[in-house]
Amino acid sequence: MLDSLATSDQYSVDRDRYRSPEQFAREMQAIFHENWVYLCHASEIPAPGDFRRVDVGGIPLIVVRQDDGSIKGLFNRCAHRGTTVCEATRGNAERFVCPYHGWAYKRDGRNQAPSLPKRYANWKDRKGKTDLAAAHTVQEYRGFIFGVMNRAPAQPLEDWLAGAKKVLDVWIDSMADGDHTQICLAPDSQFSRFRGNWKLQCENSVDAYHGEFVHGIYFRQLFKELEAAGQLKKDGLFSSLPPSAVNLGNGHSALLHVPLGKSYDSLDMRIPMIPDGKETLDRLISEVPADEVNIWKERASIAPFNMGIFPNLVILGTQTRRIIPQSPTDTISEYQVILHKNPPSSAVNELRLRYQEQFYGPYGLAAVDDLVVFERTTDGLGAPRPAPVLLNRGTGQGTTDENGWESGDITDEIPQRAFQSQVAQLLDQAA
Amino acid sequence: MPTPPKNTADQALLQSVTAFLYQEAKYLDALDYDSWLGLFTEDARYWIPLKRDAKDHAAELNHAYDNLLMLRLRAERKSTPDGWGQQPPPATSRVIGNIEVAQQTDGTVQAECTFICWQWYRGKTGSMGGRLFYTLEPAGDSWKIRFKKVQLPAPEVITGADGVMY
Ligand code: FES
Ligand SMILES: [Fe+2]
């Protein structure tokens, strides 16, 4: 078993991990249907009846806020013949009505009676059997809603989150003074789609090795504008504190741009390329209380880490990134900008939105280049040799950091090994 | 609100703007970004909203809300060997039509038109359509673009890496 070599300098995975339909089917079941997956953010469904429609490894799901404030994950499949009962991506619904024969479901999933009920002889006895099915478990951790579709969770959510819980805690505390309800997602999403396996996006989102190569043009442009603005720092671009790559356990991992909990003010470096950047920053400075300017400059900028929460959520830059597998070589990613609910100046969120547009969106200057690399990887893996795919950078050179996490140079393939080991472990357990 | 021409002055204006928009489309199809960028004023804005009913470019997420610098950076990617998403750049062929113009009292002109753009990118053909909105400033015997909005019919679903500019 290749994955038992997690600490060896031979760590590698078979190319079939990125190509095989059998592998993909096993992954959807073992990883997306039987373990914790990210569903959506609490700020997307604040009020009773608010829903968000998502795809969970091929299961169409409606995440709905209930009248008592709890959250349900309803399978978007009519109990009659299977038609979806919800088409909108987001909205508010009293009921979900099937377009085919008109069966109607309350927002808790209950079906009161079939339409034209007279031809159903024993209808009354079948009560409850024609409700929408629901995900086994849906649970929130500080705004992030996760669920397990088809069975009781093997671990409580907080145990499953492992080290990711600590990173989330530290970040939410610094972003929102501990009040996670002050963090929300922008109401609209950007999407990207590429011809490649979903794990390529997961691995890439926590890969610092590629930045200089895939995004060389972006950084050259950035440095040029910084130089023109007289802002090019010599000692590290954003911070002189050491960055690292860490294994957070259970497949979660992070690139820490600065040690966890340290301040990371990278906003000044973003300003020269942002349209109206200078004016917007000046407005932020004039509208925010003087003793909070540094805090809000940091909050207007990017997260101090890229974190992959296994299997399908990444928090990086200005955004959450949800990875939505479609087939072994077809993947959609959804990007949502993380915003502040009540910032002291509208400039805070504007700067976050502008950076998202500039770097990540489908018209951004950088993340589109990753998509092309994924497609070229898909093509390249058509060749059977040299097998297998190497993920061994930095093996044998890691240390344990002050949080007890396996840690290494930020360009080490620690996150990729953590991720792939978890994939292998869940598939082994399911086998 | 631009309307179809009603008199000869309107006709002349329409003819002049039409020639300008055809020229712009030709530059874009030819990947001649230096010439294309030359059509914009120094303080120009180029907007691709994310939503059909977008109102506030500042408070909402856009696909693009560019100043001239951002447009230049985009253009540069198309001629850089490691601008991976643009190597090779998409090939396009576009048709501009239904052009309407309206003279404003400050000397600028509001123009609208539709476009259909056939495109080829990384081995696949596709197409995009939409509506373009312009604020044009007189410049010699022609025009410069002070503001341009690209209204795509279903902008939410833009997913590729082609980065085609409309
Ligand atoms: S399939 Fe839904 S009512 Fe028939
Ligand atoms: Fe990247």
# chains A, B, ... in the order shown; residues from 1 in each chain; ligands from 1
call {"tool": "interface_residues", "arguments": {"of": "chain B", "to": "chain A", "cutoff": "6 Å", "atoms": "only C-alpha atoms", "output": "ChimeraX atom specification"}}
result
/B:59,61,63,67,84-85,159-161,163
call {"tool": "closest_atom_pairs", "arguments": {"of": "region 7-110 of chain B", "to": "region 121-130 of chain B", "cutoff": "8 Å", "atoms": "only C-alpha atoms", "output": "tab-separated table"}}
result
residue	atom	partner	partner_atom	distance
B:Pro88	CA	B:Arg122	CA	7.6
B:Pro89	CA	B:Tyr121	CA	7.2
B:Pro90	CA	B:Tyr121	CA	4.6
B:Ala91	CA	B:Tyr121	CA	6.6
call {"tool": "select_by_dssp", "arguments": {"residues": "region 6-134 of chain B", "states": "alpha helix (DSSP H)", "output": "PDB file with N, CA and C atoms, in the first residue's frame"}}
result
ATOM      1  N   THR B   8     -31.019  63.095 -40.131  1.00  0.00           N
ATOM      2  CA  THR B   8     -29.696  62.938 -40.770  1.00  0.00           C
ATOM      3  C   THR B   8     -28.557  63.145 -39.785  1.00  0.00           C
ATOM      4  N   ALA B   9     -28.734  64.048 -38.809  1.00  0.00           N
ATOM      5  CA  ALA B   9     -27.681  64.230 -37.802  1.00  0.00           C
ATOM      6  C   ALA B   9     -27.497  62.922 -37.044  1.00  0.00           C
ATOM      7  N   ASP B  10     -28.612  62.317 -36.667  1.00  0.00           N
ATOM      8  CA  ASP B  10     -28.573  61.010 -36.000  1.00  0.00           C
ATOM      9  C   ASP B  10     -27.867  59.991 -36.884  1.00  0.00           C
ATOM     10  N   GLN B  11     -28.217  60.024 -38.173  1.00  0.00           N
ATOM     11  CA  GLN B  11     -27.641  59.054 -39.121  1.00  0.00           C
ATOM     12  C   GLN B  11     -26.126  59.180 -39.166  1.00  0.00           C
ATOM     13  N   ALA B  12     -25.643  60.408 -39.193  1.00  0.00           N
ATOM     14  CA  ALA B  12     -24.194  60.632 -39.279  1.00  0.00           C
ATOM     15  C   ALA B  12     -23.518  60.139 -38.012  1.00  0.00           C
ATOM     16  N   LEU B  13     -24.141  60.434 -36.874  1.00  0.00           N
ATOM     17  CA  LEU B  13     -23.584  59.991 -35.598  1.00  0.00           C
ATOM     18  C   LEU B  13     -23.546  58.462 -35.548  1.00  0.00           C
ATOM     19  N   LEU B  14     -24.649  57.871 -35.959  1.00  0.00           N
ATOM     20  CA  LEU B  14     -24.729  56.404 -35.938  1.00  0.00           C
ATOM     21  C   LEU B  14     -23.634  55.794 -36.816  1.00  0.00           C
ATOM     22  N   GLN B  15     -23.446  56.403 -37.975  1.00  0.00           N
ATOM     23  CA  GLN B  15     -22.438  55.887 -38.902  1.00  0.00           C
ATOM     24  C   GLN B  15     -21.037  55.955 -38.295  1.00  0.00           C
ATOM     25  N   SER B  16     -20.771  57.073 -37.648  1.00  0.00           N
ATOM     26  CA  SER B  16     -19.453  57.280 -37.056  1.00  0.00           C
ATOM     27  C   SER B  16     -19.207  56.297 -35.901  1.00  0.00           C
ATOM     28  N   VAL B  17     -20.215  56.135 -35.042  1.00  0.00           N
ATOM     29  CA  VAL B  17     -20.065  55.208 -33.909  1.00  0.00           C
ATOM     30  C   VAL B  17     -19.968  53.763 -34.406  1.00  0.00           C
ATOM     31  N   THR B  18     -20.757  53.459 -35.424  1.00  0.00           N
ATOM     32  CA  THR B  18     -20.715  52.101 -35.987  1.00  0.00           C
ATOM     33  C   THR B  18     -19.312  51.767 -36.491  1.00  0.00           C
ATOM     34  N   ALA B  19     -18.727  52.705 -37.215  1.00  0.00           N
ATOM     35  CA  ALA B  19     -17.367  52.470 -37.725  1.00  0.00           C
ATOM     36  C   ALA B  19     -16.403  52.251 -36.559  1.00  0.00           C
ATOM     37  N   PHE B  20     -16.587  53.018 -35.512  1.00  0.00           N
ATOM     38  CA  PHE B  20     -15.717  52.900 -34.343  1.00  0.00           C
ATOM     39  C   PHE B  20     -15.861  51.514 -33.687  1.00  0.00           C
ATOM     40  N   LEU B  21     -17.096  51.071 -33.505  1.00  0.00           N
ATOM     41  CA  LEU B  21     -17.322  49.776 -32.834  1.00  0.00           C
ATOM     42  C   LEU B  21     -16.826  48.616 -33.696  1.00  0.00           C
ATOM     43  N   TYR B  22     -16.981  48.750 -35.010  1.00  0.00           N
ATOM     44  CA  TYR B  22     -16.451  47.716 -35.917  1.00  0.00           C
ATOM     45  C   TYR B  22     -14.925  47.644 -35.780  1.00  0.00           C
ATOM     46  N   GLN B  23     -14.319  48.801 -35.712  1.00  0.00           N
ATOM     47  CA  GLN B  23     -12.859  48.850 -35.587  1.00  0.00           C
ATOM     48  C   GLN B  23     -12.415  48.183 -34.283  1.00  0.00           C
ATOM     49  N   GLU B  24     -13.137  48.484 -33.209  1.00  0.00           N
ATOM     50  CA  GLU B  24     -12.786  47.893 -31.913  1.00  0.00           C
ATOM     51  C   GLU B  24     -12.876  46.358 -31.989  1.00  0.00           C
ATOM     52  N   ALA B  25     -13.970  45.873 -32.586  1.00  0.00           N
ATOM     53  CA  ALA B  25     -14.158  44.421 -32.694  1.00  0.00           C
ATOM     54  C   ALA B  25     -13.029  43.784 -33.506  1.00  0.00           C
ATOM     55  N   LYS B  26     -12.610  44.515 -34.533  1.00  0.00           N
ATOM     56  CA  LYS B  26     -11.550  43.998 -35.394  1.00  0.00           C
ATOM     57  C   LYS B  26     -10.228  43.896 -34.626  1.00  0.00           C
ATOM     58  N   TYR B  27      -9.915  44.911 -33.833  1.00  0.00           N
ATOM     59  CA  TYR B  27      -8.696  44.854 -33.016  1.00  0.00           C
ATOM     60  C   TYR B  27      -8.733  43.650 -32.075  1.00  0.00           C
ATOM     61  N   LEU B  28      -9.888  43.438 -31.432  1.00  0.00           N
ATOM     62  CA  LEU B  28      -9.978  42.333 -30.468  1.00  0.00           C
ATOM     63  C   LEU B  28      -9.815  40.985 -31.164  1.00  0.00           C
ATOM     64  N   ASP B  29     -10.467  40.822 -32.312  1.00  0.00           N
ATOM     65  CA  ASP B  29     -10.325  39.559 -33.046  1.00  0.00           C
ATOM     66  C   ASP B  29      -8.886  39.348 -33.514  1.00  0.00           C
ATOM     67  N   TYR B  33      -3.938  44.133 -28.980  1.00  0.00           N
ATOM     68  CA  TYR B  33      -4.348  44.802 -27.748  1.00  0.00           C
ATOM     69  C   TYR B  33      -3.765  46.193 -27.613  1.00  0.00           C
ATOM     70  N   ASP B  34      -2.596  46.440 -28.203  1.00  0.00           N
ATOM     71  CA  ASP B  34      -2.048  47.797 -28.141  1.00  0.00           C
ATOM     72  C   ASP B  34      -3.031  48.777 -28.773  1.00  0.00           C
ATOM     73  N   SER B  35      -3.519  48.403 -29.956  1.00  0.00           N
ATOM     74  CA  SER B  35      -4.480  49.289 -30.624  1.00  0.00           C
ATOM     75  C   SER B  35      -5.779  49.364 -29.842  1.00  0.00           C
ATOM     76  N   TRP B  36      -6.208  48.217 -29.306  1.00  0.00           N
ATOM     77  CA  TRP B  36      -7.471  48.206 -28.559  1.00  0.00           C
ATOM     78  C   TRP B  36      -7.374  49.144 -27.353  1.00  0.00           C
ATOM     79  N   LEU B  37      -6.267  49.023 -26.583  1.00  0.00           N
ATOM     80  CA  LEU B  37      -6.124  49.861 -25.391  1.00  0.00           C
ATOM     81  C   LEU B  37      -6.046  51.342 -25.764  1.00  0.00           C
ATOM     82  N   LEU B  68      -7.382  51.327 -16.627  1.00  0.00           N
ATOM     83  CA  LEU B  68      -6.525  51.085 -17.789  1.00  0.00           C
ATOM     84  C   LEU B  68      -5.340  50.191 -17.414  1.00  0.00           C
ATOM     85  N   LEU B  69      -4.848  50.335 -16.187  1.00  0.00           N
ATOM     86  CA  LEU B  69      -3.735  49.491 -15.749  1.00  0.00           C
ATOM     87  C   LEU B  69      -4.132  48.009 -15.791  1.00  0.00           C
ATOM     88  N   MET B  70      -5.298  47.688 -15.221  1.00  0.00           N
ATOM     89  CA  MET B  70      -5.735  46.287 -15.221  1.00  0.00           C
ATOM     90  C   MET B  70      -5.910  45.763 -16.644  1.00  0.00           C
ATOM     91  N   LEU B  71      -6.457  46.608 -17.508  1.00  0.00           N
ATOM     92  CA  LEU B  71      -6.613  46.181 -18.908  1.00  0.00           C
ATOM     93  C   LEU B  71      -5.247  45.904 -19.540  1.00  0.00           C
ATOM     94  N   ARG B  72      -4.269  46.735 -19.198  1.00  0.00           N
ATOM     95  CA  ARG B  72      -2.917  46.524 -19.744  1.00  0.00           C
ATOM     96  C   ARG B  72      -2.323  45.223 -19.225  1.00  0.00           C
ATOM     97  N   LEU B  73      -2.539  44.946 -17.921  1.00  0.00           N
ATOM     98  CA  LEU B  73      -1.997  43.718 -17.339  1.00  0.00           C
ATOM     99  C   LEU B  73      -2.617  42.495 -18.010  1.00  0.00           C
ATOM    100  N   ARG B  74      -3.902  42.578 -18.272  1.00  0.00           N
ATOM    101  CA  ARG B  74      -4.569  41.476 -18.987  1.00  0.00           C
ATOM    102  C   ARG B  74      -3.954  41.276 -20.362  1.00  0.00           C
ATOM    103  N   ALA B  75      -3.802  42.381 -21.074  1.00  0.00           N
ATOM    104  CA  ALA B  75      -3.263  42.311 -22.433  1.00  0.00           C
ATOM    105  C   ALA B  75      -1.867  41.688 -22.408  1.00  0.00           C
ATOM    106  N   GLU B  76      -1.080  42.066 -21.402  1.00  0.00           N
ATOM    107  CA  GLU B  76       0.282  41.568 -21.283  1.00  0.00           C
ATOM    108  C   GLU B  76       0.304  40.039 -21.147  1.00  0.00           C
ATOM    109  N   ARG B  77      -0.667  39.496 -20.407  1.00  0.00           N
ATOM    110  CA  ARG B  77      -0.746  38.037 -20.219  1.00  0.00           C
ATOM    111  C   ARG B  77      -0.884  37.306 -21.545  1.00  0.00           C
TER     112      ARG B  77
END
call {"tool": "residues_near_ligand", "arguments": {"ligand": "ligand 1", "cutoff": "8 Å", "atoms": "only C-alpha atoms and all ligand atoms", "output": "compact mmCIF listing (two decimals) with C-alpha atoms, in the first residue's frame"}}
result
# COMPACT_ATOMS: atom_id res chain seq x y z
CA ARG A 77 -35.42 14.14 -4.93
CA CYS A 78 -39.17 13.87 -5.11
CA ALA A 79 -40.44 10.84 -3.19
CA HIS A 80 -42.69 10.00 -6.12
CA ARG A 81 -40.53 9.43 -9.17
CA GLY A 82 -37.36 11.28 -8.38
CA THR A 83 -37.61 14.74 -9.96
CA THR A 84 -35.78 17.52 -8.13
CA VAL A 85 -38.12 19.72 -6.12
CA VAL A 97 -43.20 21.67 -4.98
CA CYS A 98 -42.33 18.99 -7.49
CA PRO A 99 -42.89 20.19 -11.07
CA TYR A 100 -43.81 16.73 -12.36
CA HIS A 101 -47.04 15.73 -10.55
CA GLY A 102 -47.25 18.49 -8.03
CA TRP A 103 -46.32 16.74 -4.80
CA ALA A 104 -45.57 19.41 -2.23
CA PRO A 114 -50.06 13.39 -2.84
CA SER A 115 -51.78 15.57 -5.38
call {"tool": "atom_distance", "arguments": {"atom1": "CA of Ser407 (chain A)", "atom2": "CA of Ser244 (chain A)"}}
result
6.5 Å
call {"tool": "atom_distance", "arguments": {"atom1": "CA of Asp169 (chain A)", "atom2": "CA of Ile71 (chain A)"}}
result
21.7 Å
call {"tool": "closest_residue", "arguments": {"among": "A:His210, A:Arg322, A:Arg393, A:Lys341", "to": "ligand 2", "atoms": "only C-alpha atoms and all ligand atoms"}}
result
A:His210
call {"tool": "select_by_dssp", "arguments": {"residues": "region 38-252 of chain A", "states": "strand (DSSP E)", "output": "PyMOL selection string"}}
result
chain A and resi 38-41+50-56+59-65+71-75+90-92+95-97+104-106+137-141+144-148+183-185+190-194+244-249+252
call {"tool": "atom_distance", "arguments": {"atom1": "CA of Gln104 (chain B)", "atom2": "CA of Leu50 (chain B)"}}
result
27.8 Å
